[in-house]
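> If you scroll down you'll find the structure; I have some questions about it.
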Amino acid sequence: MQYISTRDKNLKVTFEEAVKRGLAPNKGLFIPENYITLSDEFWANLFDMTLPEIGYHVGKQYVGDEIPDEDFKKLCNEVLNFDIPLVRVKDRIYSLELFHGPTCAFKDVGARFMARCLGYFSTKKNEKTVILVATSGDTGSAVANGFLNVPGVDVIILYPSGKVSEIQEKQLTTNGNNITALEVNGVFDDCQALVKNAFANFDTKGKFKLTSANSINIARLIPQSFYYYYAVAQLKSYDSVICVPSGNFGNITGGILALKSGLPVKHFVAATNANDTIPQYLQKGVYTAKPSVQTISNAMDVGDPSNFERLNVIFENDYKKFGETISSYSFTDDETRKKMKEIYQKFGYTLDPHGAVGMLGIEKYLDGNDTTPGIFLETAHPSKFLDVVESATEVTPNIPQSLKDCLNKKKESIKIENDYKQLEAILTERYL
Ligand SMILES: *Cc1c(COP(=O)(O)O)cnc(C)c1O
């Protein structure tokens with residue numbers, strides 16, 4: 001499979017190059033040149049397949065022979081070593097629980113897959129890769145954990161001191177080994193500026209590769225298609241509607257890639273919080289990026305979703321075609337809190353605020369007499385948003401063992417000022 005830029009279909013690169021570059025040279029995003037096709041045997045066996053088996057068969061179409069079959073099979077087994085169960089919440093509505101990974105959020109799947117692909121390519125060429133990532137909390141932990149102990153790759157995370165939650169800080173600072181946490185005396189924007197400064201100015205003298213683990217990387221997107229097949233396999237129905245709580249629209253783009261490969265799903269719903277750029281686009285036919293507004297489902301506080309550029313190419317710049325496949329609705333924090341409370345009280349199921357937006361979306365779409373089963377993606381464990389969940393449902397959610405273990409570990413970080421010279425000194429000392 002070759003990958004093309006959203007801004008020029010004649011700009012083609014291999015999977016390896018797309019993973020290493022992240023962004024295309026013309027600033028476009030990489031997308032597969034063609035939609036994948038899966039064998040009749042795959043479709044005939046889908047309902048009996050495990051998640052790693054699905055990952056292997058689907059992923060192979062994207063990776064081609066750039067990673068040999070045996071290595072790729074092993075990679076999928078490592079990446080997908082936790083379950084993604086489909087759980088019935090009420091009537092015909094099911095939750096696809098994406099939070100059973102090491103950091104309890106769906107970004108684990110993408111980060112782990114990307115880490116191991118990059119690790120494979122680095123080791124093969126005997127290169128050292130250093131990943132620099134600035135985080136305001138959530139993405140950093142999935143990336144850090146995804147790259148933990150991946151040979152050939154070191155990760156340096158910059159996070160703003162005192163500006164992340166306790167659990168987030170522990171997830172960033174207790175990994176050890178090839179993961180280093182730099183605690184910056186500043187805000188998130190300072191961390192991001194330090195990283196940008198390093199990319200622009202640090203001379204690696206050819207001794208290692210400095211790269212980012214950006215969410216627009218194609219290797220984070222591809223594995224996000226695997227669990228849509230697995231959801232259909234568990235539901236054992238050729239007829240469902242799937243709702244994805246959306247921010248940058250990467251998760252739903254994974255679903256659309258699955259749909260285009262022939263996955264039998266009737267329709268998709270993208271549910272957003274007050275950041276309603278896409279719902280507005282589908283109503284008006286004009287895309288207007290907005291500044292983001294803060295909500296209780298803060299991982300979706302995005303006013304200019306990065307994957308719109310990919311979806312726009314997929315739907316041929318036509319908002320009507322977009323709307324035939326994806327409906328999109330926006331919900332307020334108030335509606336989200338009420339839904340969390342109602343679902344807990346009536347059905348004993350605890351939603352996190354992002355999953356609650358997903359539940360609102362699927363209910364709205366299925367409202368009426370339609371008998372189609374609906375699935376929403378539950379993207380984070382409710383205990384990651386403890387305060388919001390407690391105040392909405394008046395109960396404390398169970399904290400999974402992996403989070404408890406992490407809370408008990410000792411924080412290890414290196415404190416630095418908001419000063420590029422200090423970051424430069426660390427890179428020089430370690431790698432030059
Ligand atoms: C990142 C994130 C989302 C949004 O996913 P996108 O791919 O950006 O649309 C939703 N929920 C949670 C918990 C997240 O971390």
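By order in the structure tokens, chains are A, B, ...; within a chain, residues start at 1; ligands start at 1, following the order shown.
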Using only C-alpha atoms, determine which residues lie at most 12 Å from Tyr3 (chain A), disregarding the query and same-chain residues fewer than 5 positions distant; provide the list as a ChimeraX atom specification.

/A:8-19,21-24,28-35,62-64,217-219,222

> Output N, CA and C atoms for every residue in that selection, as a short mmCIF file (atom, residue, chain, number, x, y, z; two decimals), in the first residue's frame.


```
data_model
loop_
_atom_site.label_atom_id
_atom_site.label_comp_id
_atom_site.auth_asym_id
_atom_site.auth_seq_id
_atom_site.Cartn_x
_atom_site.Cartn_y
_atom_site.Cartn_z
N ASP A 8 -2.19 16.35 -2.42
CA ASP A 8 -1.63 16.03 -3.73
C ASP A 8 -1.59 14.52 -3.89
N LYS A 9 -2.48 13.99 -4.75
CA LYS A 9 -2.55 12.54 -4.85
C LYS A 9 -1.35 11.95 -5.60
N ASN A 10 -0.54 12.81 -6.20
CA ASN A 10 0.66 12.31 -6.88
C ASN A 10 1.85 12.22 -5.94
N LEU A 11 1.70 12.76 -4.74
CA LEU A 11 2.77 12.63 -3.75
C LEU A 11 2.56 11.31 -3.02
N LYS A 12 3.41 10.31 -3.37
CA LYS A 12 3.20 8.97 -2.81
C LYS A 12 4.40 8.53 -2.00
N VAL A 13 4.14 7.92 -0.85
CA VAL A 13 5.24 7.39 -0.04
C VAL A 13 4.88 5.99 0.47
N THR A 14 5.89 5.28 0.98
CA THR A 14 5.65 3.96 1.58
C THR A 14 5.03 4.15 2.96
N PHE A 15 4.60 3.04 3.54
CA PHE A 15 4.06 3.08 4.90
C PHE A 15 5.14 3.58 5.87
N GLU A 16 6.36 3.01 5.71
CA GLU A 16 7.47 3.40 6.60
C GLU A 16 7.69 4.91 6.57
N GLU A 17 7.70 5.47 5.37
CA GLU A 17 7.96 6.90 5.27
C GLU A 17 6.81 7.72 5.87
N ALA A 18 5.59 7.26 5.62
CA ALA A 18 4.42 7.97 6.17
C ALA A 18 4.47 7.97 7.70
N VAL A 19 4.89 6.83 8.29
CA VAL A 19 4.96 6.75 9.75
C VAL A 19 6.06 7.65 10.28
N ARG A 21 7.45 10.31 8.83
CA ARG A 21 7.24 11.73 8.59
C ARG A 21 6.08 12.31 9.40
N GLY A 22 5.01 11.56 9.57
CA GLY A 22 3.82 12.11 10.24
C GLY A 22 3.03 12.98 9.28
N LEU A 23 3.58 14.16 8.99
CA LEU A 23 2.95 15.10 8.07
C LEU A 23 3.62 14.99 6.70
N ALA A 24 2.84 15.12 5.63
CA ALA A 24 3.42 15.11 4.29
C ALA A 24 4.25 16.38 4.08
N GLY A 28 0.13 18.34 3.94
CA GLY A 28 -1.09 17.54 3.91
C GLY A 28 -0.98 16.37 4.88
N LEU A 29 -2.07 15.62 5.03
CA LEU A 29 -2.06 14.42 5.87
C LEU A 29 -1.99 13.21 4.95
N PHE A 30 -1.37 12.14 5.41
CA PHE A 30 -1.32 10.94 4.60
C PHE A 30 -2.62 10.15 4.72
N ILE A 31 -3.07 9.64 3.57
CA ILE A 31 -4.18 8.70 3.54
C ILE A 31 -3.80 7.54 2.63
N PRO A 32 -4.41 6.35 2.83
CA PRO A 32 -4.08 5.24 1.94
C PRO A 32 -4.48 5.60 0.50
N GLU A 33 -3.67 5.16 -0.44
CA GLU A 33 -3.95 5.46 -1.84
C GLU A 33 -5.29 4.83 -2.29
N ASN A 34 -5.56 3.61 -1.82
CA ASN A 34 -6.83 2.93 -2.13
C ASN A 34 -7.45 2.44 -0.83
N TYR A 35 -8.74 2.15 -0.91
CA TYR A 35 -9.36 1.45 0.22
C TYR A 35 -8.94 0.00 0.16
N TYR A 62 -2.69 -2.75 5.06
CA TYR A 62 -2.14 -1.39 5.11
C TYR A 62 -0.61 -1.38 5.11
N VAL A 63 -0.05 -2.42 5.72
CA VAL A 63 1.39 -2.45 5.95
C VAL A 63 2.10 -3.17 4.80
N GLY A 64 1.37 -4.04 4.10
CA GLY A 64 1.94 -4.79 2.97
C GLY A 64 3.11 -5.64 3.41
N ASN A 217 -0.59 11.17 12.81
CA ASN A 217 0.19 10.10 12.18
C ASN A 217 -0.72 8.96 11.72
N ILE A 218 -0.49 8.50 10.49
CA ILE A 218 -1.34 7.47 9.90
C ILE A 218 -1.29 6.17 10.72
N ALA A 219 -0.17 5.95 11.41
CA ALA A 219 -0.04 4.73 12.22
C ALA A 219 -0.85 4.80 13.50
N ILE A 222 -4.76 3.94 11.54
CA ILE A 222 -5.07 2.60 11.01
C ILE A 222 -5.61 1.64 12.09
#
```

> Please return as a ChimeraX atom specification the residues found within 10 Å of ligand 1, counting only C-alpha atoms and all ligand atoms.

/A:98-99,104-108,110,137-139,142,215-216,220-221,224,244-254,270-272,297-302,305-307,352-355,357-358,377-382,384-385

> Select, from A:Leu351, A:Leu86, A:Ala198, A:Leu403, the residue with the minimum atom-to-atom distance to Ser141 (chain A), counting only C-alpha atoms.

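Distance minimum relative to Ser141 (chain A) lands on A:Leu403.
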
> Could you tell me, as a list of chain:residue names, which residues of region 259-420 of chain A DSSP assigns to strand (DSSP E) when given the backbone?

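The strand (DSSP E) subset of region 259-420 of chain A is A:His267, A:Phe268, A:Val269, A:Ala270, A:Ala271, A:Thr272, A:Ile326, A:Ser327, A:Ser328, A:Tyr329, A:Ser330, A:Gly374, A:Ile375, A:Phe376, A:Leu377, A:Glu378, A:Ile414, A:Lys415, A:Ile416, A:Glu417.
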
> May I have the selected residues written with N, CA, C and O atoms, as a PDB file, in the first residue's frame?


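Result file follows (selection14.pdb):
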```pdb
ATOM      1  N   HIS A 267     -24.879   3.222   9.259  1.00  0.00           N
ATOM      2  CA  HIS A 267     -24.687   4.665   9.329  1.00  0.00           C
ATOM      3  C   HIS A 267     -23.763   4.993  10.499  1.00  0.00           C
ATOM      4  O   HIS A 267     -23.649   4.212  11.437  1.00  0.00           O
ATOM      5  N   PHE A 268     -23.097   6.151  10.420  1.00  0.00           N
ATOM      6  CA  PHE A 268     -22.266   6.620  11.526  1.00  0.00           C
ATOM      7  C   PHE A 268     -22.838   7.918  12.080  1.00  0.00           C
ATOM      8  O   PHE A 268     -23.440   8.696  11.347  1.00  0.00           O
ATOM      9  N   VAL A 269     -22.628   8.114  13.386  1.00  0.00           N
ATOM     10  CA  VAL A 269     -23.003   9.366  14.025  1.00  0.00           C
ATOM     11  C   VAL A 269     -21.756   9.912  14.716  1.00  0.00           C
ATOM     12  O   VAL A 269     -21.066   9.177  15.424  1.00  0.00           O
ATOM     13  N   ALA A 270     -21.448  11.188  14.472  1.00  0.00           N
ATOM     14  CA  ALA A 270     -20.350  11.847  15.198  1.00  0.00           C
ATOM     15  C   ALA A 270     -20.988  12.779  16.208  1.00  0.00           C
ATOM     16  O   ALA A 270     -21.664  13.734  15.836  1.00  0.00           O
ATOM     17  N   ALA A 271     -20.808  12.464  17.501  1.00  0.00           N
ATOM     18  CA  ALA A 271     -21.392  13.309  18.539  1.00  0.00           C
ATOM     19  C   ALA A 271     -20.313  14.233  19.071  1.00  0.00           C
ATOM     20  O   ALA A 271     -19.200  13.790  19.346  1.00  0.00           O
ATOM     21  N   THR A 272     -20.626  15.517  19.187  1.00  0.00           N
ATOM     22  CA  THR A 272     -19.648  16.459  19.735  1.00  0.00           C
ATOM     23  C   THR A 272     -20.227  17.147  20.971  1.00  0.00           C
ATOM     24  O   THR A 272     -21.438  17.107  21.210  1.00  0.00           O
ATOM     25  N   ILE A 326     -22.395  10.182   7.561  1.00  0.00           N
ATOM     26  CA  ILE A 326     -22.219  10.590   8.965  1.00  0.00           C
ATOM     27  C   ILE A 326     -23.233  11.670   9.321  1.00  0.00           C
ATOM     28  O   ILE A 326     -23.293  12.707   8.664  1.00  0.00           O
ATOM     29  N   SER A 327     -24.015  11.424  10.365  1.00  0.00           N
ATOM     30  CA  SER A 327     -24.826  12.496  10.945  1.00  0.00           C
ATOM     31  C   SER A 327     -24.048  13.050  12.125  1.00  0.00           C
ATOM     32  O   SER A 327     -23.308  12.302  12.783  1.00  0.00           O
ATOM     33  N   SER A 328     -24.191  14.338  12.406  1.00  0.00           N
ATOM     34  CA  SER A 328     -23.429  14.884  13.516  1.00  0.00           C
ATOM     35  C   SER A 328     -24.270  15.824  14.355  1.00  0.00           C
ATOM     36  O   SER A 328     -24.967  16.686  13.818  1.00  0.00           O
ATOM     37  N   TYR A 329     -24.232  15.606  15.671  1.00  0.00           N
ATOM     38  CA  TYR A 329     -25.003  16.433  16.606  1.00  0.00           C
ATOM     39  C   TYR A 329     -24.102  16.938  17.712  1.00  0.00           C
ATOM     40  O   TYR A 329     -23.168  16.255  18.121  1.00  0.00           O
ATOM     41  N   SER A 330     -24.451  18.112  18.228  1.00  0.00           N
ATOM     42  CA  SER A 330     -23.710  18.704  19.337  1.00  0.00           C
ATOM     43  C   SER A 330     -24.566  18.684  20.606  1.00  0.00           C
ATOM     44  O   SER A 330     -25.780  18.877  20.542  1.00  0.00           O
ATOM     45  N   GLY A 374     -27.854  -0.077  18.059  1.00  0.00           N
ATOM     46  CA  GLY A 374     -26.917   1.044  18.075  1.00  0.00           C
ATOM     47  C   GLY A 374     -25.738   0.761  18.983  1.00  0.00           C
ATOM     48  O   GLY A 374     -25.874   0.135  20.040  1.00  0.00           O
ATOM     49  N   ILE A 375     -24.573   1.230  18.564  1.00  0.00           N
ATOM     50  CA  ILE A 375     -23.349   1.078  19.352  1.00  0.00           C
ATOM     51  C   ILE A 375     -22.764   2.470  19.558  1.00  0.00           C
ATOM     52  O   ILE A 375     -22.725   3.261  18.619  1.00  0.00           O
ATOM     53  N   PHE A 376     -22.343   2.784  20.778  1.00  0.00           N
ATOM     54  CA  PHE A 376     -21.537   4.001  20.942  1.00  0.00           C
ATOM     55  C   PHE A 376     -20.171   3.607  21.492  1.00  0.00           C
ATOM     56  O   PHE A 376     -20.031   2.582  22.168  1.00  0.00           O
ATOM     57  N   LEU A 377     -19.164   4.413  21.193  1.00  0.00           N
ATOM     58  CA  LEU A 377     -17.814   4.131  21.655  1.00  0.00           C
ATOM     59  C   LEU A 377     -17.604   4.806  23.011  1.00  0.00           C
ATOM     60  O   LEU A 377     -17.797   6.009  23.145  1.00  0.00           O
ATOM     61  N   GLU A 378     -17.254   3.992  24.010  1.00  0.00           N
ATOM     62  CA  GLU A 378     -16.946   4.538  25.338  1.00  0.00           C
ATOM     63  C   GLU A 378     -15.430   4.695  25.369  1.00  0.00           C
ATOM     64  O   GLU A 378     -14.691   3.712  25.436  1.00  0.00           O
ATOM     65  N   ILE A 414      12.269  15.374  35.672  1.00  0.00           N
ATOM     66  CA  ILE A 414      13.364  16.343  35.724  1.00  0.00           C
ATOM     67  C   ILE A 414      12.735  17.718  35.568  1.00  0.00           C
ATOM     68  O   ILE A 414      12.018  17.969  34.591  1.00  0.00           O
ATOM     69  N   LYS A 415      12.961  18.577  36.553  1.00  0.00           N
ATOM     70  CA  LYS A 415      12.361  19.911  36.477  1.00  0.00           C
ATOM     71  C   LYS A 415      13.219  20.815  35.613  1.00  0.00           C
ATOM     72  O   LYS A 415      14.438  20.856  35.784  1.00  0.00           O
ATOM     73  N   ILE A 416      12.580  21.499  34.682  1.00  0.00           N
ATOM     74  CA  ILE A 416      13.329  22.495  33.909  1.00  0.00           C
ATOM     75  C   ILE A 416      12.537  23.805  33.854  1.00  0.00           C
ATOM     76  O   ILE A 416      11.313  23.817  34.048  1.00  0.00           O
ATOM     77  N   GLU A 417      13.273  24.869  33.589  1.00  0.00           N
ATOM     78  CA  GLU A 417      12.609  26.165  33.388  1.00  0.00           C
ATOM     79  C   GLU A 417      12.077  26.215  31.959  1.00  0.00           C
ATOM     80  O   GLU A 417      12.425  25.383  31.123  1.00  0.00           O
TER      81      GLU A 417
END
```

> When you count only C-alpha atoms, which of these residues is closest to Ile314 (chain A): A:Lys341, A:Gln280, A:Ile256, A:Ala111?

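Of all the options, A:Ile256 lies closest to Ile314 (chain A).
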
> Can you tell me which residues surround region 422-430 of chain A at a distance of at most 12 Å, considering only C-alpha atoms, apart from same-chain residues fewer than 6 positions away, and format the answer as number ranges by chain?

A: 128, 130-132, 154-158, 178, 180-185, 191, 193-205, 207-210, 414-416

> Take the residues from that selection and put them in a file with C-alpha atoms, as a short mmCIF file (atom, residue, chain, number, x, y, z; two decimals), in the first residue's frame.


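Ended up saving to out.cif:
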```cif
data_model
loop_
_atom_site.label_atom_id
_atom_site.label_comp_id
_atom_site.auth_asym_id
_atom_site.auth_seq_id
_atom_site.Cartn_x
_atom_site.Cartn_y
_atom_site.Cartn_z
CA LYS A 128 18.01 5.59 17.36
CA VAL A 130 13.98 10.15 20.02
CA ILE A 131 10.36 11.21 20.31
CA LEU A 132 9.69 14.64 21.75
CA ASP A 154 13.38 6.96 23.57
CA VAL A 155 10.55 9.28 24.56
CA ILE A 156 10.90 12.68 26.19
CA ILE A 157 7.65 14.15 27.43
CA LEU A 158 7.29 17.79 28.36
CA ASN A 178 13.18 4.66 27.92
CA THR A 180 11.74 10.60 30.52
CA ALA A 181 9.35 13.21 31.88
CA LEU A 182 10.42 16.86 31.87
CA GLU A 183 8.36 18.96 34.24
CA VAL A 184 8.36 22.44 32.77
CA ASN A 185 7.89 25.54 34.86
CA CYS A 191 6.04 23.02 26.41
CA ALA A 193 7.09 25.98 21.96
CA LEU A 194 10.12 24.20 23.46
CA VAL A 195 9.41 21.12 21.35
CA LYS A 196 8.99 23.21 18.19
CA ASN A 197 12.21 25.02 18.96
CA ALA A 198 14.04 21.70 19.24
CA PHE A 199 12.64 20.44 15.92
CA ALA A 200 13.70 23.67 14.21
CA ASN A 201 17.10 24.16 15.83
CA PHE A 202 18.61 21.06 17.35
CA ASP A 203 21.35 19.59 15.21
CA THR A 204 21.32 15.83 15.83
CA LYS A 205 24.58 15.56 13.86
CA LYS A 207 23.40 10.50 15.33
CA PHE A 208 19.69 9.96 15.92
CA LYS A 209 16.29 10.94 14.52
CA LEU A 210 14.19 13.48 16.33
CA ILE A 414 13.36 16.34 35.72
CA LYS A 415 12.36 19.91 36.48
CA ILE A 416 13.33 22.50 33.91
#
```

> Tell me which protein, DNA and RNA residues are within 10 Å of Phe72 (chain A), counting only C-alpha atoms, leaving out same-chain ones fewer than 2 positions away, and put them as a PyMOL selection string.

chain A and resi 55-57+59-60+63-70+74-78+116-117+120

> May I ask for the distance between CA of Ser212 (chain A) and CA of Asn26 (chain A), given in Å to one decimal place?

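Separation between CA of Ser212 (chain A) and CA of Asn26 (chain A): 17.1 Å.
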
> Compile the contact shell of Thr277 (chain A) as an NGL selection string: residues with an atom at most 9 Å away, counting only C-alpha atoms, same-chain residues fewer than 4 positions apart removed.

:A and (272 or 281-282 or 287-290 or 302-305)

> Expressed in Å to a single decimal, how great is the separation between CA of Thr372 (chain A) and CA of Arg92 (chain A)?

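Computing it gives 7.6 Å between the two atoms.
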
> For the helix (DSSP H, G or I) assignment from backbone DSSP, which residues of region 68-169 of chain A qualify? Please present them as number ranges by chain.

A: 69-79, 107-124, 138-147, 166-169
